[in-house]
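One structure is given here, and the rest of the page talks about it.
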Amino acid sequence: RIIMSLRRKQIKNIFTILISAGLAVFFMWLALGDLDFDKVKVSFAEINYFWAFMSAFFAVLAYWFRAVRWNLLLEPMGYQIRNSNAFWTIAFGYMMNLTIPRSGEIARATTLFRIEKVPVEKSIATIVIERLVDLVFMLLFLLLTFIFNGKVLASFYNLLTTRKVSEKKELTSTDNFLLNHGIDDLDAFYFNLKIAFLVLFLLGAVVFMIKFKEKIISFVKGLIEGFLAVRKIKNKLAFVLHSAGIWICYFLAAYLVCFALKETSDFTIGDGFLLVTAGTLGMMVPTSGGAGSYHIVVKIAIVGIFISLGKSHSHGEEVGISYALISHLIQTIATLVFGLISIFALFGKKNDK
């Protein structure tokens, strides 16, 4: 039974990786489109590596703020972990996200249990709390984006609506296939297809809850304990400041990349709010490390900035994908480097306590 269970888990992991990789390839194909790669190569050749390094520095500094904040969350539960252990555990979790989306959270919790003996369900509870707090800050940045970049958003919206009205929608090969096989109303067909997928998802969720009811109840109890512990945080100001520190680092990691490229070096702080918000939304899509989805959303954001400045849509796409490729590459390299170091750091510390 144990061997069969392990095999099923391995098959599930492989299947998840393949789906994630497939989504990443698909989104990258959408992001790259028909771009002129010669112009993208020129952008890469002219990178200012100082600003690229500074972007990576602040991306990693966010790990430390997150590590200290994690300790503040665990303290009311009776656990005082080392900030260094929390830092390397977070680095390891981020590296795992490059393989299986969202696996980093589980990796963080299980690794912390091995190093600091903190129960997994309690670690997961604090991670869920982190996500809720991060959601609040993301909404704040979204608000700042609307305040400082209302012109950009309006220009891009006008472009999309103008194109939708003035241009006749081109039929894809899928559309033609459906029309040739008796589907006359494509809009109705696609709408019903979305409803069917939603129903299947809800049915799957119900089956999952029934099958794993006891585990879900146990998990929820741990979450409730974690949520209640938030009220007992001794230094609430430190918690807020470290949360703000994380998002300031995210902002700087995104904005400083602008100075690494000639075409984006004149972007404003308001543009930085737009980029960090867009990048965060792109990373939420379940692809390995946000590959593809990040590039699409960030490219669209930069196209919007260019349109608001009276520049061409195509130029915005070229610069947007250049920025997205460079920014994502910087973050991925930093994640891999510190993730690999974390393996040795955590292995060497496993018998400290």
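By order in the structure tokens, chains are A, B, ...; within a chain, residues start at 1; ligands start at 1, following the order shown.
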For this session: Pull the alpha helix (DSSP H) assignments for stretch 189-332 of chain A out of DSSP run on the backbone, and list those residues as a PyMOL selection string.
Result: chain A and resi 189-211+213-230+236-255+269-283+293-308+313-332
Exercise. If we count only C-alpha atoms, what is near A:Asp271 at a cut-off of 9 Å, once residues fewer than 6 positions away on the same chain are taken out, given as a PyMOL selection string?
Worked result: chain A and resi 145+148-149+152+255+301-302+305
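Between atom CA of A:Lys234 and atom CA of A:Phe57 lies a distance of 29.5 Å.
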For this session: Return the single residue from A:Leu140, A:Ile233, A:Leu179, A:Met54 that is closest to A:Ala334, with distances computed using only C-alpha atoms.
Result: A:Met54
Problem set entry | A:Ala107 surroundings by only C-alpha atoms, 7 Å radius, close-in-sequence under 4 positions cut, as a ChimeraX atom specification | /A:93,103,111
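Atom pair atom CA of A:Gly282 / atom CA of A:Val297 has a distance of 5.7 Å (rounded to one decimal).
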For this session: Could you give me, as a PyMOL selection string, the residues within 9 Å of A:Leu112, counting only C-alpha atoms and dropping anything in the same chain fewer than 6 positions from it?
Result: chain A and resi 81+85-86+89+118-120+123
Selection file, N, CA, C and O atoms, as a PDB file, in the first residue's frame:
```
ATOM      1  N   ILE A  81      11.220  30.637  16.527  1.00  0.00           N
ATOM      2  CA  ILE A  81      12.145  30.046  15.560  1.00  0.00           C
ATOM      3  C   ILE A  81      13.254  31.034  15.238  1.00  0.00           C
ATOM      4  O   ILE A  81      13.148  32.229  15.482  1.00  0.00           O
ATOM      5  N   ASN A  85      16.682  30.377  10.035  1.00  0.00           N
ATOM      6  CA  ASN A  85      15.989  29.175   9.576  1.00  0.00           C
ATOM      7  C   ASN A  85      14.748  29.529   8.770  1.00  0.00           C
ATOM      8  O   ASN A  85      14.440  28.897   7.755  1.00  0.00           O
ATOM      9  N   ALA A  86      14.018  30.541   9.234  1.00  0.00           N
ATOM     10  CA  ALA A  86      12.826  30.983   8.506  1.00  0.00           C
ATOM     11  C   ALA A  86      13.210  31.526   7.132  1.00  0.00           C
ATOM     12  O   ALA A  86      12.535  31.250   6.133  1.00  0.00           O
ATOM     13  N   THR A  89      14.164  28.621   4.861  1.00  0.00           N
ATOM     14  CA  THR A  89      12.968  27.828   4.571  1.00  0.00           C
ATOM     15  C   THR A  89      12.115  28.518   3.508  1.00  0.00           C
ATOM     16  O   THR A  89      11.587  27.870   2.592  1.00  0.00           O
ATOM     17  N   VAL A 118       7.835  22.777  14.331  1.00  0.00           N
ATOM     18  CA  VAL A 118       6.548  23.476  14.350  1.00  0.00           C
ATOM     19  C   VAL A 118       5.550  22.630  13.571  1.00  0.00           C
ATOM     20  O   VAL A 118       5.807  22.290  12.408  1.00  0.00           O
ATOM     21  N   PRO A 119       4.405  22.253  14.162  1.00  0.00           N
ATOM     22  CA  PRO A 119       3.420  21.425  13.454  1.00  0.00           C
ATOM     23  C   PRO A 119       3.039  22.039  12.104  1.00  0.00           C
ATOM     24  O   PRO A 119       2.875  23.254  11.985  1.00  0.00           O
ATOM     25  N   VAL A 120       2.895  21.163  11.108  1.00  0.00           N
ATOM     26  CA  VAL A 120       2.641  21.618   9.744  1.00  0.00           C
ATOM     27  C   VAL A 120       1.370  22.443   9.646  1.00  0.00           C
ATOM     28  O   VAL A 120       1.349  23.494   8.981  1.00  0.00           O
ATOM     29  N   SER A 123       1.933  25.957  10.796  1.00  0.00           N
ATOM     30  CA  SER A 123       2.711  26.724   9.818  1.00  0.00           C
ATOM     31  C   SER A 123       1.831  27.130   8.646  1.00  0.00           C
ATOM     32  O   SER A 123       1.888  28.273   8.178  1.00  0.00           O
TER      33      SER A 123
END
```
Exercise. Excluding same-chain residues fewer than 2 positions from A:Phe251, what lies within 8 Å of it counting only C-alpha atoms, as a ChimeraX atom specification?
Worked result: /A:247-249,253-255,272-273,276
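Compared by their closest atoms to A:Phe344, and using only C-alpha atoms, the residues A:Ala91, A:Val303, A:Ile217, A:Met209 rank with A:Ala91 nearest.
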Problem set entry | Long-range neighbours of A:Phe44 as a list in words, 12 Å cut-off, only C-alpha atoms, 4 positions minimum in chain | Phe37, Asp38, Lys39, Val40, Asn48, Tyr49, Ala52, Ala260, Leu261, Lys262, Glu263, Glu318, Val319, Ile321, Ser322, Tyr323, Ala324, Leu325, Ile326, Ser327 and Leu329 of chain A
Could you dump the residues just selected with C-alpha atoms as a PDB file, in the first residue's frame?
```
ATOM      1  CA  PHE A  37      13.321  39.459 -31.607  1.00  0.00           C
ATOM      2  CA  ASP A  38      16.180  41.448 -33.121  1.00  0.00           C
ATOM      3  CA  LYS A  39      14.908  44.514 -31.256  1.00  0.00           C
ATOM      4  CA  VAL A  40      14.534  42.457 -28.078  1.00  0.00           C
ATOM      5  CA  ASN A  48      22.466  48.219 -17.069  1.00  0.00           C
ATOM      6  CA  TYR A  49      23.537  45.384 -14.768  1.00  0.00           C
ATOM      7  CA  ALA A  52      19.467  44.505 -12.443  1.00  0.00           C
ATOM      8  CA  ALA A 260      18.164  48.736 -16.497  1.00  0.00           C
ATOM      9  CA  LEU A 261      16.546  49.391 -19.884  1.00  0.00           C
ATOM     10  CA  LYS A 262      16.923  52.549 -21.950  1.00  0.00           C
ATOM     11  CA  GLU A 263      13.308  52.490 -23.159  1.00  0.00           C
ATOM     12  CA  GLU A 318       8.557  45.053 -27.839  1.00  0.00           C
ATOM     13  CA  VAL A 319       9.651  46.998 -24.772  1.00  0.00           C
ATOM     14  CA  ILE A 321       8.315  41.742 -23.435  1.00  0.00           C
ATOM     15  CA  SER A 322      11.945  42.860 -23.047  1.00  0.00           C
ATOM     16  CA  TYR A 323      11.204  44.201 -19.576  1.00  0.00           C
ATOM     17  CA  ALA A 324       9.180  41.087 -18.647  1.00  0.00           C
ATOM     18  CA  LEU A 325      11.905  38.689 -19.828  1.00  0.00           C
ATOM     19  CA  ILE A 326      14.656  40.561 -18.002  1.00  0.00           C
ATOM     20  CA  SER A 327      12.647  41.090 -14.795  1.00  0.00           C
ATOM     21  CA  LEU A 329      14.992  36.198 -15.399  1.00  0.00           C
TER      22      LEU A 329
END
```
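Interatomic distance, atom CA of A:Ile343 to atom CA of A:Leu281: 28.7 Å.
Counting only C-alpha atoms, the residue from A:Met95, A:Ala59, A:Ile129, A:Met77 that sits nearest to A:Gly339 is A:Met95.
Proximity ranking of A:Ala278, A:Val337, A:Lys311, A:Ser293 relative to A:Leu139 places A:Ala278 first, based on only C-alpha atoms.
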